[in-house]
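Step one of this worksheet: look at the structure below.
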Amino acid sequence: MAAPGGVLNCEDFSMFQEVLKVMRTIDDRIVHALNTTVPTASFSGKVDATQTCKELYESLMEAHLSRDKAIKSCITETSAVVGQLREERAKDGDNLSVIKQLRKEQTKLKLMQSELNVEEVVNDRSLKVFNERCRIHYTSPKIK
């Protein structure tokens, strides 16, 4: 799965997290983006706040969707590996390397699933900040 700043590597969890961190840049900088692009009441005539908010909302939604898709694809990929290792363990229950690898992959799968929870928190926070600043200028389709 391609991602901005590199390829999302489902094999290595630390690299997976690093790419997600880069992909979350728009959410991390939402307050700055809103402060620099959405005018206060005194400057409202100089900038089209409706268009600016709409574009920012679309960027947010695109980023949220791409991260969600990336995380879920890695979860699917890792789940398949876990299933395959479980089958191998069922055939040869005494093979320690298979058992060790299975535990490692199960742990990685749990960590990836927890990233979905992190993603939900990040998305909620970004949308809350967005709505606080842009609710006057733009009503997002999800809120209507």
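Letters for chains follow the order of the structure tokens (A, B, ...), residue numbers begin at 1 for each chain, and ligand numbers begin at 1 in the order shown.
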
Close residues, range 33-37 of chain A itself excluded, 8 Å, only C-alpha atoms, min 4 positions apart in chain, as a list in words: Arg29, Ala49, Thr52, Phe130 and Arg133 of chain A

For those residues, write N, CA, C and O atoms to a file as a CSV table (one decimal), in the first residue's frame.
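Final output, saved to selection_26.csv:
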chain,number,residue,atom,x,y,z
A,29,ARG,N,-1.5,19.3,12.3
A,29,ARG,CA,-1.3,20.8,12.0
A,29,ARG,C,-2.7,21.5,11.7
A,29,ARG,O,-2.7,22.6,11.2
A,49,ALA,N,-13.8,32.3,3.1
A,49,ALA,CA,-13.7,31.3,4.2
A,49,ALA,C,-14.5,30.0,3.9
A,49,ALA,O,-14.1,28.9,4.2
A,52,THR,N,-12.3,28.0,1.6
A,52,THR,CA,-11.1,27.5,2.3
A,52,THR,C,-11.5,26.4,3.3
A,52,THR,O,-10.8,25.3,3.3
A,130,PHE,N,-12.0,21.5,13.6
A,130,PHE,CA,-12.5,22.0,12.3
A,130,PHE,C,-13.8,22.6,12.5
A,130,PHE,O,-14.1,23.7,12.0
A,133,ARG,N,-14.0,26.0,14.2
A,133,ARG,CA,-13.6,27.2,13.4
A,133,ARG,C,-14.4,27.4,12.2
A,133,ARG,O,-14.6,28.5,11.7

Given only C-alpha atoms as the counted atoms, nearest of A:Met112, A:Ala63, A:Ile99, A:Val129 to Met15 in chain A: A:Met112

Selected residue of minimal separation from Tyr57 in chain A among A:Ser79, A:Ile26, A:Gly93, A:Asp12, counting only C-alpha atoms: A:Ile26

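Proximity of A:Lys72, A:His64, A:Lys21, A:Arg89 to Ser126 in chain A, computed with only C-alpha atoms, is greatest for A:His64.
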
DSSP-assigned alpha helix (DSSP H) members of range 17-140 of chain A, reported as a VMD selection string: chain A and resid 17 to 23 25 to 28 30 to 37 49 to 91 96 to 134

File of the preceding selection, C-alpha atoms, as a compact mmCIF listing (two decimals), in the first residue's frame:
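Output saved as result.txt:
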# COMPACT_ATOMS: atom_id res chain seq x y z
CA GLN A 17 3.79 3.48 12.77
CA GLU A 18 6.34 5.87 11.26
CA VAL A 19 4.45 6.04 7.95
CA LEU A 20 1.16 6.58 9.82
CA LYS A 21 2.81 9.41 11.74
CA VAL A 22 3.73 11.09 8.45
CA MET A 23 0.23 10.48 7.11
CA THR A 25 0.61 15.41 9.61
CA ILE A 26 -2.53 17.19 8.37
CA ASP A 27 -4.33 16.29 11.60
CA ASP A 28 -1.41 17.37 13.74
CA ILE A 30 -5.08 21.40 11.80
CA VAL A 31 -5.06 24.25 14.33
CA HIS A 32 -2.24 26.01 12.50
CA ALA A 33 -3.96 25.49 9.14
CA LEU A 34 -7.20 26.93 10.46
CA ASN A 35 -5.47 29.89 12.12
CA THR A 36 -3.60 30.80 8.95
CA THR A 37 -6.38 30.24 6.40
CA ALA A 49 -13.72 31.27 4.21
CA THR A 50 -16.39 28.96 2.80
CA GLN A 51 -14.12 27.75 0.01
CA THR A 52 -11.11 27.51 2.33
CA CYS A 53 -13.05 25.43 4.87
CA LYS A 54 -14.46 23.21 2.14
CA GLU A 55 -10.98 22.50 0.74
CA LEU A 56 -9.58 21.82 4.20
CA TYR A 57 -12.47 19.48 4.98
CA GLU A 58 -11.92 17.56 1.74
CA SER A 59 -8.20 17.25 2.52
CA LEU A 60 -9.01 15.94 6.00
CA MET A 61 -11.49 13.39 4.68
CA GLU A 62 -9.06 12.20 2.02
CA ALA A 63 -6.31 11.77 4.64
CA HIS A 64 -8.66 9.96 7.05
CA LEU A 65 -9.86 7.61 4.32
CA SER A 66 -6.37 6.78 3.06
CA ARG A 67 -5.08 6.04 6.59
CA ASP A 68 -8.12 3.92 7.40
CA LYS A 69 -7.64 1.95 4.19
CA ALA A 70 -3.90 1.50 4.88
CA ILE A 71 -4.43 0.31 8.45
CA LYS A 72 -7.19 -2.11 7.46
CA SER A 73 -5.13 -3.53 4.60
CA CYS A 74 -2.24 -4.24 7.00
CA ILE A 75 -4.65 -5.81 9.49
CA THR A 76 -5.99 -8.05 6.71
CA GLU A 77 -2.47 -8.97 5.60
CA THR A 78 -1.31 -9.74 9.16
CA SER A 79 -4.51 -11.68 9.91
CA ALA A 80 -3.78 -13.91 6.93
CA VAL A 81 -0.26 -14.56 8.23
CA VAL A 82 -1.66 -15.39 11.69
CA GLY A 83 -4.16 -17.80 10.13
CA GLN A 84 -1.42 -19.51 8.14
CA LEU A 85 0.78 -19.85 11.23
CA ARG A 86 -2.13 -21.29 13.22
CA GLU A 87 -2.55 -23.97 10.54
CA GLU A 88 1.17 -24.75 10.72
CA ARG A 89 0.96 -24.97 14.52
CA ALA A 90 -2.01 -27.34 14.24
CA LYS A 91 0.03 -29.65 11.99
CA LEU A 96 8.90 -23.79 18.71
CA SER A 97 9.86 -21.48 15.87
CA VAL A 98 6.28 -21.59 14.49
CA ILE A 99 4.83 -20.95 17.96
CA LYS A 100 7.23 -18.05 18.53
CA GLN A 101 6.47 -16.55 15.10
CA LEU A 102 2.72 -16.95 15.72
CA ARG A 103 2.94 -15.06 19.01
CA LYS A 104 4.96 -12.31 17.35
CA GLU A 105 2.42 -11.93 14.53
CA GLN A 106 -0.52 -12.01 16.98
CA THR A 107 1.08 -9.20 18.98
CA LYS A 108 1.65 -7.19 15.82
CA LEU A 109 -1.99 -7.77 14.81
CA LYS A 110 -3.23 -6.49 18.18
CA LEU A 111 -1.03 -3.40 17.86
CA MET A 112 -2.36 -2.71 14.38
CA GLN A 113 -5.93 -3.11 15.60
CA SER A 114 -5.20 -0.63 18.38
CA GLU A 115 -4.09 1.84 15.67
CA LEU A 116 -7.72 1.88 14.52
CA ASN A 117 -8.65 3.24 17.96
CA VAL A 118 -5.87 5.82 17.77
CA GLU A 119 -7.13 6.77 14.32
CA GLU A 120 -10.65 7.29 15.65
CA VAL A 121 -9.36 9.64 18.38
CA VAL A 122 -7.19 11.59 15.91
CA ASN A 123 -10.09 11.94 13.45
CA ASP A 124 -12.54 13.02 16.16
CA ARG A 125 -10.13 15.64 17.48
CA SER A 126 -9.45 17.05 14.02
CA LEU A 127 -13.13 17.24 13.14
CA LYS A 128 -13.94 18.88 16.46
CA VAL A 129 -11.34 21.61 15.90
CA PHE A 130 -12.46 21.98 12.28
CA ASN A 131 -16.11 22.36 13.28
CA GLU A 132 -15.29 24.92 15.97
CA ARG A 133 -13.62 27.20 13.44
CA CYS A 134 -15.54 26.45 10.25

Please extract the residues of chain A with a backbone DSSP assignment of strand (DSSP E or B) and present them as a PDB file with C-alpha atoms, in the first residue's frame.
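File selection-v2.pdb, as written:
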ATOM      1  CA  ALA A   2       1.539   3.278  -1.079  1.00  0.00           C
ATOM      2  CA  ALA A   3       1.567   6.174   1.327  1.00  0.00           C
ATOM      3  CA  GLY A   6       7.061   6.017   1.527  1.00  0.00           C
ATOM      4  CA  VAL A   7       5.516   2.607   1.256  1.00  0.00           C
TER       5      VAL A   7
END
